[in-house]
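All remarks here apply to the structure that follows.
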Amino acid sequence: MRAALREAERGMREGEVPAGAVVVRDGRVLARAHNRPIHLHDPSAHAEILALRRAARKAGNYRLEGCDLYVTIEPCAMCAGAIVQARLRRTVFGARDPKAGACGSVLNILDHPGLNHRADIVSGVLVDACAAVLRNFFRARRKSNDP
């Protein structure tokens with residue numbers, strides 16, 4: 001999770017919403033990424049999606065069985081769908097997203113009985129640090145928009 005936090009901080013320095021993700025297999029990092037939708041002009045360029053793409057290229061397979069995803073904020077529905085498609089074993093996240101979280105907050109896609117794959121969910125890992133990065137980013141953004 002600390003590696004995901006470092007990725008989130010990289011994204012924050014770039015002006016992106018600070019979310020970071022790391023894909024791990026057998027204790028080794030396969031890929032890491034941070035949010036980049038603004039810079040890439042791509043609404044799908046969330047940290048999770050970018051990390052999954054990189055991990056799949058490295059693994060030579062879109063199925064990332066046996067892999068775990070560490071992400072600083074609860075994945076949205078798009079990212080949760082990609083997690084299911086990638087056949088990840090487990091998703092570990094820090095802060096919940098009460099507005100868009102799809103791993104238990106608003107929806108629970110990773111444990112939906114109608115889907116062909118389920119991934120384990122672990123939440124609240126380094127939650128204070130993960131939440132602080134987001135809180136500080138949005139606080140600074142609001143302050144810069146004040147007249």
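If you're wondering about the labels, chains in the structure tokens are A, B, ... by order shown, residues count from 1 in each chain, ligands from 1 in order shown.
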
Exercise. Within chain A, find each residue whose DSSP state, derived from the backbone, is strand (DSSP E or B), and express the selection as a ChimeraX atom specification.
Key: /A:20-25,28-34,67-73,90-95,103,108,120-122

Alpha helix (DSSP H) call set, DSSP backbone run, region 7-143 of chain A, as a compact mmCIF listing (two decimals) with all heavy atoms, in the first residue's frame:
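Saved as part.txt:
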```
# COMPACT_ATOMS: atom_id res chain seq x y z
N GLU A 7 2.54 6.42 -5.54
CA GLU A 7 1.95 6.70 -6.85
C GLU A 7 0.89 7.80 -6.75
O GLU A 7 0.82 8.68 -7.61
CB GLU A 7 1.33 5.43 -7.45
CG GLU A 7 2.34 4.47 -8.00
CD GLU A 7 3.12 5.04 -9.17
OE1 GLU A 7 2.53 5.69 -10.06
OE2 GLU A 7 4.35 4.82 -9.22
N ALA A 8 0.07 7.75 -5.72
CA ALA A 8 -0.95 8.78 -5.52
C ALA A 8 -0.30 10.15 -5.39
O ALA A 8 -0.79 11.14 -5.97
CB ALA A 8 -1.79 8.47 -4.29
N GLU A 9 0.79 10.23 -4.67
CA GLU A 9 1.48 11.50 -4.50
C GLU A 9 2.06 12.00 -5.82
O GLU A 9 2.05 13.20 -6.09
CB GLU A 9 2.57 11.36 -3.43
CG GLU A 9 1.95 11.21 -2.04
CD GLU A 9 2.92 10.70 -0.98
OE1 GLU A 9 4.11 10.47 -1.30
OE2 GLU A 9 2.46 10.55 0.17
N ARG A 10 2.52 11.08 -6.67
CA ARG A 10 2.99 11.47 -8.01
C ARG A 10 1.84 12.10 -8.80
O ARG A 10 2.00 13.12 -9.46
CB ARG A 10 3.52 10.26 -8.77
CG ARG A 10 4.88 9.79 -8.29
CD ARG A 10 5.39 8.66 -9.13
NE ARG A 10 5.63 9.11 -10.50
CZ ARG A 10 5.79 8.31 -11.53
NH1 ARG A 10 5.73 7.00 -11.38
NH2 ARG A 10 6.00 8.80 -12.73
N GLY A 11 0.68 11.46 -8.74
CA GLY A 11 -0.49 12.00 -9.43
C GLY A 11 -0.87 13.37 -8.91
O GLY A 11 -1.20 14.27 -9.69
N MET A 12 -0.81 13.55 -7.60
CA MET A 12 -1.15 14.84 -7.00
C MET A 12 -0.22 15.94 -7.53
O MET A 12 -0.68 17.03 -7.86
CB MET A 12 -1.08 14.76 -5.48
CG MET A 12 -1.51 16.05 -4.80
SD MET A 12 -1.77 15.88 -3.02
CE MET A 12 -0.28 15.08 -2.49
N ARG A 13 1.06 15.63 -7.63
CA ARG A 13 2.03 16.63 -8.15
C ARG A 13 1.71 17.00 -9.60
O ARG A 13 2.05 18.08 -10.05
CB ARG A 13 3.46 16.10 -8.03
CG ARG A 13 3.96 16.10 -6.59
CD ARG A 13 5.45 15.85 -6.50
NE ARG A 13 5.86 14.57 -7.03
CZ ARG A 13 5.91 13.42 -6.33
NH1 ARG A 13 5.55 13.41 -5.06
NH2 ARG A 13 6.31 12.31 -6.90
N PRO A 37 -6.24 10.70 -16.09
CA PRO A 37 -7.25 11.07 -17.09
C PRO A 37 -7.08 12.46 -17.66
O PRO A 37 -7.35 12.69 -18.84
CB PRO A 37 -8.58 10.93 -16.36
CG PRO A 37 -8.26 10.81 -14.93
CD PRO A 37 -6.84 10.36 -14.81
N ILE A 38 -6.61 13.40 -16.86
CA ILE A 38 -6.43 14.77 -17.35
C ILE A 38 -5.30 14.81 -18.37
O ILE A 38 -5.47 15.33 -19.49
CB ILE A 38 -6.16 15.75 -16.18
CG1 ILE A 38 -7.39 15.82 -15.26
CG2 ILE A 38 -5.79 17.14 -16.69
CD1 ILE A 38 -7.13 16.51 -13.93
N HIS A 39 -4.16 14.27 -18.01
CA HIS A 39 -2.99 14.34 -18.89
C HIS A 39 -3.13 13.50 -20.15
O HIS A 39 -2.60 13.86 -21.20
CB HIS A 39 -1.72 13.94 -18.13
CG HIS A 39 -1.24 15.02 -17.23
ND1 HIS A 39 -1.75 15.23 -15.96
CD2 HIS A 39 -0.31 15.98 -17.42
CE1 HIS A 39 -1.15 16.25 -15.41
NE2 HIS A 39 -0.27 16.74 -16.26
N LEU A 40 -3.83 12.39 -20.05
CA LEU A 40 -4.00 11.51 -21.21
C LEU A 40 -5.28 11.80 -21.99
O LEU A 40 -5.52 11.17 -23.01
CB LEU A 40 -3.97 10.05 -20.77
CG LEU A 40 -2.66 9.56 -20.14
CD1 LEU A 40 -2.79 8.12 -19.69
CD2 LEU A 40 -1.50 9.74 -21.12
N ALA A 47 -5.97 4.98 -12.04
CA ALA A 47 -4.77 4.26 -11.60
C ALA A 47 -4.92 2.75 -11.76
O ALA A 47 -3.99 2.07 -12.23
CB ALA A 47 -4.47 4.63 -10.15
N GLU A 48 -6.07 2.22 -11.38
CA GLU A 48 -6.29 0.79 -11.44
C GLU A 48 -6.20 0.27 -12.88
O GLU A 48 -5.57 -0.75 -13.15
CB GLU A 48 -7.67 0.41 -10.87
CG GLU A 48 -7.87 0.81 -9.43
CD GLU A 48 -8.57 2.16 -9.26
OE1 GLU A 48 -8.28 3.09 -10.04
OE2 GLU A 48 -9.40 2.27 -8.33
N ILE A 49 -6.87 0.96 -13.79
CA ILE A 49 -6.89 0.54 -15.19
C ILE A 49 -5.47 0.57 -15.77
O ILE A 49 -5.04 -0.39 -16.43
CB ILE A 49 -7.83 1.45 -16.03
CG1 ILE A 49 -9.27 1.38 -15.50
CG2 ILE A 49 -7.74 1.12 -17.51
CD1 ILE A 49 -9.97 0.07 -15.68
N LEU A 50 -4.75 1.65 -15.52
CA LEU A 50 -3.39 1.77 -16.05
C LEU A 50 -2.48 0.69 -15.46
O LEU A 50 -1.68 0.08 -16.18
CB LEU A 50 -2.83 3.16 -15.77
CG LEU A 50 -3.57 4.31 -16.47
CD1 LEU A 50 -3.00 5.65 -16.02
CD2 LEU A 50 -3.53 4.16 -17.98
N ALA A 51 -2.61 0.41 -14.17
CA ALA A 51 -1.79 -0.63 -13.54
C ALA A 51 -2.15 -2.01 -14.10
O ALA A 51 -1.26 -2.83 -14.36
CB ALA A 51 -1.96 -0.59 -12.03
N LEU A 52 -3.45 -2.27 -14.30
CA LEU A 52 -3.86 -3.56 -14.86
C LEU A 52 -3.34 -3.73 -16.29
O LEU A 52 -2.87 -4.82 -16.66
CB LEU A 52 -5.38 -3.70 -14.84
CG LEU A 52 -6.02 -3.87 -13.47
CD1 LEU A 52 -7.54 -3.85 -13.57
CD2 LEU A 52 -5.53 -5.13 -12.79
N ARG A 53 -3.39 -2.68 -17.09
CA ARG A 53 -2.87 -2.75 -18.46
C ARG A 53 -1.38 -3.08 -18.45
O ARG A 53 -0.92 -3.93 -19.22
CB ARG A 53 -3.10 -1.43 -19.18
CG ARG A 53 -4.53 -1.17 -19.58
CD ARG A 53 -4.66 0.20 -20.20
NE ARG A 53 -6.06 0.48 -20.51
CZ ARG A 53 -6.55 1.69 -20.74
NH1 ARG A 53 -5.75 2.75 -20.69
NH2 ARG A 53 -7.82 1.85 -21.01
N ARG A 54 -0.64 -2.39 -17.61
CA ARG A 54 0.81 -2.62 -17.54
C ARG A 54 1.12 -4.03 -17.05
O ARG A 54 2.02 -4.70 -17.57
CB ARG A 54 1.45 -1.57 -16.64
CG ARG A 54 1.42 -0.19 -17.25
CD ARG A 54 1.90 0.87 -16.28
NE ARG A 54 1.73 2.19 -16.91
CZ ARG A 54 1.77 3.32 -16.25
NH1 ARG A 54 1.99 3.34 -14.94
NH2 ARG A 54 1.61 4.46 -16.88
N ALA A 55 0.39 -4.48 -16.03
CA ALA A 55 0.62 -5.82 -15.49
C ALA A 55 0.30 -6.88 -16.54
O ALA A 55 1.04 -7.87 -16.68
CB ALA A 55 -0.21 -6.04 -14.23
N ALA A 56 -0.77 -6.71 -17.28
CA ALA A 56 -1.16 -7.68 -18.31
C ALA A 56 -0.11 -7.75 -19.40
O ALA A 56 0.24 -8.85 -19.87
CB ALA A 56 -2.53 -7.31 -18.88
N ARG A 57 0.41 -6.60 -19.81
CA ARG A 57 1.48 -6.60 -20.82
C ARG A 57 2.70 -7.35 -20.30
O ARG A 57 3.30 -8.16 -21.01
CB ARG A 57 1.86 -5.18 -21.22
CG ARG A 57 0.97 -4.59 -22.29
CD ARG A 57 1.54 -3.33 -22.91
NE ARG A 57 1.79 -2.27 -21.96
CZ ARG A 57 0.90 -1.37 -21.56
NH1 ARG A 57 -0.32 -1.39 -22.06
NH2 ARG A 57 1.22 -0.44 -20.71
N LYS A 58 3.07 -7.07 -19.05
CA LYS A 58 4.24 -7.71 -18.46
C LYS A 58 4.03 -9.22 -18.31
O LYS A 58 4.94 -10.01 -18.56
CB LYS A 58 4.56 -7.08 -17.11
CG LYS A 58 5.90 -7.46 -16.56
CD LYS A 58 6.26 -6.58 -15.39
CE LYS A 58 7.66 -6.89 -14.91
NZ LYS A 58 8.04 -6.05 -13.78
N ALA A 59 2.83 -9.62 -17.91
CA ALA A 59 2.51 -11.03 -17.72
C ALA A 59 2.27 -11.75 -19.04
O ALA A 59 2.31 -12.98 -19.10
CB ALA A 59 1.29 -11.18 -16.82
N ALA A 77 -17.00 1.69 -10.33
CA ALA A 77 -17.63 0.60 -11.07
C ALA A 77 -16.81 0.19 -12.29
O ALA A 77 -16.66 -1.00 -12.58
CB ALA A 77 -19.04 1.00 -11.48
N MET A 78 -16.24 1.16 -13.01
CA MET A 78 -15.43 0.85 -14.19
C MET A 78 -14.22 0.01 -13.79
O MET A 78 -13.94 -1.03 -14.40
CB MET A 78 -14.97 2.13 -14.88
CG MET A 78 -13.99 1.92 -16.01
SD MET A 78 -13.38 3.45 -16.74
CE MET A 78 -12.37 4.11 -15.40
N CYS A 79 -13.53 0.45 -12.75
CA CYS A 79 -12.33 -0.25 -12.31
C CYS A 79 -12.66 -1.61 -11.72
O CYS A 79 -11.95 -2.59 -11.95
CB CYS A 79 -11.56 0.62 -11.32
SG CYS A 79 -10.89 2.12 -12.09
N ALA A 80 -13.75 -1.69 -10.97
CA ALA A 80 -14.18 -2.97 -10.41
C ALA A 80 -14.51 -3.96 -11.52
O ALA A 80 -14.17 -5.14 -11.43
CB ALA A 80 -15.36 -2.78 -9.47
N GLY A 81 -15.13 -3.48 -12.59
CA GLY A 81 -15.40 -4.34 -13.74
C GLY A 81 -14.12 -4.86 -14.36
O GLY A 81 -14.02 -6.04 -14.73
N ALA A 82 -13.12 -4.01 -14.47
CA ALA A 82 -11.82 -4.43 -15.01
C ALA A 82 -11.15 -5.44 -14.10
O ALA A 82 -10.50 -6.39 -14.56
CB ALA A 82 -10.93 -3.21 -15.23
N ILE A 83 -11.31 -5.27 -12.80
CA ILE A 83 -10.75 -6.22 -11.83
C ILE A 83 -11.36 -7.60 -12.03
O ILE A 83 -10.67 -8.62 -12.03
CB ILE A 83 -10.96 -5.70 -10.39
CG1 ILE A 83 -10.08 -4.47 -10.14
CG2 ILE A 83 -10.72 -6.80 -9.36
CD1 ILE A 83 -10.46 -3.67 -8.91
N VAL A 84 -12.67 -7.64 -12.23
CA VAL A 84 -13.36 -8.92 -12.48
C VAL A 84 -12.85 -9.52 -13.79
O VAL A 84 -12.53 -10.72 -13.85
CB VAL A 84 -14.89 -8.72 -12.52
CG1 VAL A 84 -15.60 -9.96 -13.04
CG2 VAL A 84 -15.41 -8.34 -11.14
N GLN A 85 -12.75 -8.71 -14.84
CA GLN A 85 -12.30 -9.22 -16.14
C GLN A 85 -10.86 -9.74 -16.08
O GLN A 85 -10.51 -10.70 -16.77
CB GLN A 85 -12.42 -8.14 -17.22
CG GLN A 85 -13.84 -7.76 -17.54
CD GLN A 85 -14.67 -8.94 -18.01
OE1 GLN A 85 -14.23 -9.73 -18.84
NE2 GLN A 85 -15.87 -9.07 -17.48
N ALA A 86 -10.04 -9.11 -15.25
CA ALA A 86 -8.64 -9.52 -15.11
C ALA A 86 -8.48 -10.74 -14.22
O ALA A 86 -7.39 -11.31 -14.14
CB ALA A 86 -7.80 -8.36 -14.56
N VAL A 127 -5.68 3.42 5.99
CA VAL A 127 -6.81 4.29 5.67
C VAL A 127 -6.53 5.76 6.01
O VAL A 127 -6.91 6.65 5.23
CB VAL A 127 -8.12 3.80 6.35
CG1 VAL A 127 -8.03 3.88 7.85
CG2 VAL A 127 -9.32 4.57 5.84
N ASP A 128 -5.90 6.04 7.13
CA ASP A 128 -5.65 7.45 7.50
C ASP A 128 -4.75 8.13 6.50
O ASP A 128 -5.01 9.26 6.08
CB ASP A 128 -5.07 7.54 8.92
CG ASP A 128 -6.07 7.11 9.98
OD1 ASP A 128 -7.29 7.16 9.72
OD2 ASP A 128 -5.63 6.70 11.07
N ALA A 129 -3.68 7.47 6.09
CA ALA A 129 -2.76 8.06 5.11
C ALA A 129 -3.43 8.21 3.75
O ALA A 129 -3.27 9.24 3.08
CB ALA A 129 -1.50 7.20 5.00
N CYS A 130 -4.19 7.21 3.33
CA CYS A 130 -4.88 7.26 2.03
C CYS A 130 -5.92 8.38 2.02
O CYS A 130 -6.02 9.14 1.05
CB CYS A 130 -5.53 5.92 1.72
SG CYS A 130 -4.36 4.59 1.41
N ALA A 131 -6.69 8.49 3.08
CA ALA A 131 -7.71 9.54 3.16
C ALA A 131 -7.07 10.91 3.24
O ALA A 131 -7.58 11.87 2.65
CB ALA A 131 -8.61 9.29 4.37
N ALA A 132 -5.95 11.03 3.94
CA ALA A 132 -5.29 12.34 4.09
C ALA A 132 -4.80 12.87 2.76
O ALA A 132 -4.92 14.08 2.49
CB ALA A 132 -4.12 12.23 5.07
N VAL A 133 -4.27 12.02 1.91
CA VAL A 133 -3.80 12.47 0.59
C VAL A 133 -4.97 13.07 -0.20
O VAL A 133 -4.85 14.15 -0.78
CB VAL A 133 -3.15 11.31 -0.19
CG1 VAL A 133 -2.88 11.69 -1.63
CG2 VAL A 133 -1.86 10.87 0.48
N LEU A 134 -6.09 12.38 -0.20
CA LEU A 134 -7.28 12.88 -0.91
C LEU A 134 -7.81 14.17 -0.28
O LEU A 134 -8.11 15.14 -0.98
CB LEU A 134 -8.37 11.81 -0.93
CG LEU A 134 -8.08 10.63 -1.83
CD1 LEU A 134 -8.93 9.44 -1.43
CD2 LEU A 134 -8.32 11.01 -3.28
N ARG A 135 -7.93 14.16 1.03
CA ARG A 135 -8.46 15.32 1.75
C ARG A 135 -7.59 16.56 1.49
O ARG A 135 -8.10 17.63 1.18
CB ARG A 135 -8.53 15.01 3.24
CG ARG A 135 -9.29 16.00 4.07
CD ARG A 135 -9.50 15.54 5.52
NE ARG A 135 -8.35 14.89 6.14
CZ ARG A 135 -8.25 13.58 6.37
NH1 ARG A 135 -9.23 12.76 6.03
NH2 ARG A 135 -7.18 13.08 6.95
N ASN A 136 -6.28 16.40 1.57
CA ASN A 136 -5.37 17.53 1.35
C ASN A 136 -5.45 18.04 -0.09
O ASN A 136 -5.40 19.25 -0.33
CB ASN A 136 -3.94 17.14 1.70
CG ASN A 136 -3.77 16.87 3.18
OD1 ASN A 136 -4.58 17.32 4.00
ND2 ASN A 136 -2.74 16.11 3.52
N PHE A 137 -5.57 17.13 -1.04
CA PHE A 137 -5.68 17.52 -2.44
C PHE A 137 -6.93 18.36 -2.68
O PHE A 137 -6.86 19.45 -3.26
CB PHE A 137 -5.72 16.28 -3.34
CG PHE A 137 -6.00 16.58 -4.78
CD1 PHE A 137 -5.00 17.03 -5.61
CD2 PHE A 137 -7.27 16.40 -5.30
CE1 PHE A 137 -5.25 17.31 -6.94
CE2 PHE A 137 -7.54 16.68 -6.63
CZ PHE A 137 -6.52 17.12 -7.46
N PHE A 138 -8.08 17.89 -2.20
CA PHE A 138 -9.33 18.62 -2.44
C PHE A 138 -9.40 19.90 -1.62
O PHE A 138 -9.96 20.89 -2.08
CB PHE A 138 -10.54 17.71 -2.22
CG PHE A 138 -10.70 16.72 -3.33
CD1 PHE A 138 -10.50 15.37 -3.12
CD2 PHE A 138 -11.04 17.15 -4.60
CE1 PHE A 138 -10.63 14.46 -4.15
CE2 PHE A 138 -11.18 16.24 -5.65
CZ PHE A 138 -10.97 14.89 -5.43
N ARG A 139 -8.81 19.90 -0.45
CA ARG A 139 -8.75 21.13 0.35
C ARG A 139 -7.95 22.19 -0.40
O ARG A 139 -8.38 23.34 -0.51
CB ARG A 139 -8.13 20.85 1.71
CG ARG A 139 -8.15 22.06 2.64
CD ARG A 139 -7.57 21.71 4.01
NE ARG A 139 -8.44 20.75 4.69
CZ ARG A 139 -8.02 19.73 5.41
NH1 ARG A 139 -6.73 19.50 5.57
NH2 ARG A 139 -8.89 18.93 6.00
N ALA A 140 -6.81 21.82 -0.94
CA ALA A 140 -5.97 22.76 -1.70
C ALA A 140 -6.69 23.22 -2.97
O ALA A 140 -6.62 24.40 -3.33
CB ALA A 140 -4.64 22.12 -2.05
N ARG A 141 -7.40 22.32 -3.61
CA ARG A 141 -8.12 22.68 -4.83
C ARG A 141 -9.23 23.70 -4.53
O ARG A 141 -9.41 24.67 -5.25
CB ARG A 141 -8.72 21.43 -5.48
CG ARG A 141 -9.47 21.75 -6.76
CD ARG A 141 -10.12 20.52 -7.33
NE ARG A 141 -9.23 19.93 -8.29
CZ ARG A 141 -9.55 18.88 -9.03
NH1 ARG A 141 -10.71 18.28 -8.86
NH2 ARG A 141 -8.71 18.39 -9.90
N ARG A 142 -9.97 23.46 -3.44
CA ARG A 142 -11.03 24.41 -3.06
C ARG A 142 -10.43 25.76 -2.70
O ARG A 142 -10.96 26.80 -3.06
CB ARG A 142 -11.83 23.86 -1.87
CG ARG A 142 -12.84 22.80 -2.28
CD ARG A 142 -13.78 22.45 -1.13
NE ARG A 142 -13.09 21.96 0.04
CZ ARG A 142 -12.73 20.70 0.25
NH1 ARG A 142 -12.98 19.79 -0.66
NH2 ARG A 142 -12.13 20.35 1.37
N LYS A 143 -9.33 25.74 -1.98
CA LYS A 143 -8.68 26.99 -1.57
C LYS A 143 -8.21 27.78 -2.79
O LYS A 143 -8.34 29.00 -2.83
CB LYS A 143 -7.49 26.69 -0.65
CG LYS A 143 -6.93 27.90 0.04
CD LYS A 143 -5.82 27.50 0.99
CE LYS A 143 -6.45 27.15 2.32
NZ LYS A 143 -5.44 26.93 3.39
```

Using only C-alpha atoms, determine which residues lie at most 7 Å from Val92 (chain A), disregarding the query and same-chain residues fewer than 4 positions distant; provide the list as a short mmCIF file (atom, residue, chain, number, x, y, z; two decimals) with all heavy atoms, in the first residue's frame.
```cif
data_model
loop_
_atom_site.label_atom_id
_atom_site.label_comp_id
_atom_site.auth_asym_id
_atom_site.auth_seq_id
_atom_site.Cartn_x
_atom_site.Cartn_y
_atom_site.Cartn_z
N LEU A 69 -4.34 -6.46 -6.19
CA LEU A 69 -4.29 -5.03 -6.51
C LEU A 69 -4.37 -4.25 -5.22
O LEU A 69 -5.27 -4.48 -4.40
CB LEU A 69 -5.48 -4.65 -7.41
CG LEU A 69 -5.61 -3.16 -7.73
CD1 LEU A 69 -4.50 -2.71 -8.66
CD2 LEU A 69 -6.97 -2.89 -8.36
N TYR A 70 -3.44 -3.35 -5.03
CA TYR A 70 -3.43 -2.43 -3.90
C TYR A 70 -3.74 -1.06 -4.45
O TYR A 70 -3.07 -0.59 -5.37
CB TYR A 70 -2.06 -2.43 -3.19
CG TYR A 70 -1.76 -3.71 -2.50
CD1 TYR A 70 -1.27 -4.81 -3.21
CD2 TYR A 70 -2.00 -3.86 -1.14
CE1 TYR A 70 -1.01 -6.01 -2.57
CE2 TYR A 70 -1.74 -5.06 -0.49
CZ TYR A 70 -1.24 -6.13 -1.23
OH TYR A 70 -0.99 -7.32 -0.59
N VAL A 71 -4.76 -0.41 -3.89
CA VAL A 71 -5.17 0.90 -4.40
C VAL A 71 -5.56 1.78 -3.22
O VAL A 71 -6.11 1.31 -2.23
CB VAL A 71 -6.30 0.74 -5.45
CG1 VAL A 71 -7.53 0.10 -4.87
CG2 VAL A 71 -6.63 2.05 -6.13
N ILE A 121 -11.96 -8.86 -1.06
CA ILE A 121 -11.82 -7.42 -0.79
C ILE A 121 -11.29 -7.25 0.62
O ILE A 121 -11.81 -7.84 1.56
CB ILE A 121 -13.18 -6.70 -0.89
CG1 ILE A 121 -13.80 -6.88 -2.28
CG2 ILE A 121 -13.02 -5.21 -0.56
CD1 ILE A 121 -15.26 -6.46 -2.35
N VAL A 122 -10.26 -6.42 0.73
CA VAL A 122 -9.73 -6.02 2.03
C VAL A 122 -9.73 -4.49 2.02
O VAL A 122 -9.15 -3.87 1.13
CB VAL A 122 -8.29 -6.54 2.26
CG1 VAL A 122 -7.75 -6.05 3.59
CG2 VAL A 122 -8.24 -8.06 2.17
N SER A 123 -10.41 -3.89 3.00
CA SER A 123 -10.50 -2.43 3.03
C SER A 123 -9.86 -1.87 4.29
O SER A 123 -9.62 -2.59 5.25
CB SER A 123 -11.97 -1.99 2.96
OG SER A 123 -12.68 -2.46 4.09
#
```

Exercise. Check the smallest atom-to-atom distance from each of A:Gly60, A:Ala45, A:Ala21, A:His117 to Glu74 (chain A) using only C-alpha atoms, then report the winner.
Key: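 Using only C-alpha atoms, the shortest distance to Glu74 (chain A) belongs to A:Ala21.
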
Quiz item: Which neighbours of Met1 (chain A) fall inside 8 Å, counting only C-alpha atoms, when residues of the same chain fewer than 2 positions from it are skipped, and could you give them as a list in words?
Solution: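 Selected residues are Ala3, Ala4, Leu5, Val22, Tyr70, Val71, Thr72, Phe93, Gly94, Val125 and Leu126 of chain A.
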
Quiz item: Contacts of Val24 (chain A) at 10 Å or less, counting only C-alpha atoms, minus same-chain residues fewer than 6 places along, as a VMD selection string?
Solution: chain A and resid 30 to 32 55 64 66 to 70 88 90
